[in-house]
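Scroll down for the structure; my scribbles are underneath it.
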Amino acid sequence: RKVVPPPRGVPGEPLLEVDQANVEFKPVRTFLPDEIVAWQDRSGGGTTLRYGRILVATEEEEALAAAELGVGEVDDRLDDRAAAYGGMDSVSRLRVQVTSKPMRVEVLLSTDIYSFKSAKQRTNDPTTHWL
């Protein structure tokens with residue numbers, strides 16, 4: 001019988017052990033569309049890290065919509081968690097695909113998202129172990 005490896009990078013699936021060592025918390029960095037990230041699933045009282053995929057920053061989406069409508073800047077009000085990290089200049093709201101079947105998208109603060117170290121960072125980091 002053929003052994004199928006667990007899905008890696010699929011939105012909604014739990015992080016594989018090999019990827020858990022490569023997550024980092026950098027809430028003020030710029031996230032790119034289609035970037036694979038990790039998000040913390042707190043449903044059911046748990047704290048499982050799951051894969052997600054960045055779709056677009058809501059600020060970018062709103063700015064594009066405002067430009068199309070000929071409206072000035074959109075007033076973005078972030079919640080108290082965002083304000084605690086320095087407000088709009090440092091924390092973003094992002095549309096993240098959190099599951100693939102069925103596809104579900106949520107707006108998450110960048111303070112709820114973990115990124116993965118780049119290959120260059122992993123090779124220079126003595127604490128990273130490859131399985």
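In the structure tokens, chains take letters A, B, ... by order of appearance, with residues numbered from 1 within each chain and ligands from 1 in the order shown.
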
Given only C-alpha atoms, how would the per-residue table for segment 8-35 of chain A near segment 50-54 of chain A read, listing every residue at most 10 Å away with its closest atom pair and distance in Å to one decimal, sorted by chain and number, as a tab-separated table?
```
residue	atom	partner	partner_atom	distance
A:Arg8	CA	A:Tyr51	CA	8.1
A:Gly9	CA	A:Tyr51	CA	5.6
A:Val10	CA	A:Tyr51	CA	6.0
A:Pro11	CA	A:Gly52	CA	4.3
A:Gly12	CA	A:Tyr51	CA	5.5
A:Glu13	CA	A:Arg50	CA	5.4
A:Pro14	CA	A:Arg50	CA	4.2
A:Leu15	CA	A:Arg50	CA	5.1
A:Leu16	CA	A:Arg50	CA	8.8
A:Asp19	CA	A:Tyr51	CA	9.8
A:Gln20	CA	A:Arg50	CA	9.9
A:Phe31	CA	A:Ile54	CA	7.2
A:Leu32	CA	A:Ile54	CA	6.7
A:Pro33	CA	A:Ile54	CA	5.2
A:Asp34	CA	A:Ile54	CA	5.1
A:Glu35	CA	A:Ile54	CA	5.3
```

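The smallest atom-to-atom distance between Pro27 of chain A and any of A:Thr47, A:Ser110, A:Ser92, A:Thr99, using only C-alpha atoms, is found for A:Ser110.
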
Task: Distance in Å - atom CA of Ser43 of chain A versus atom CA of Asn22 of chain A - done: 23.2 Å
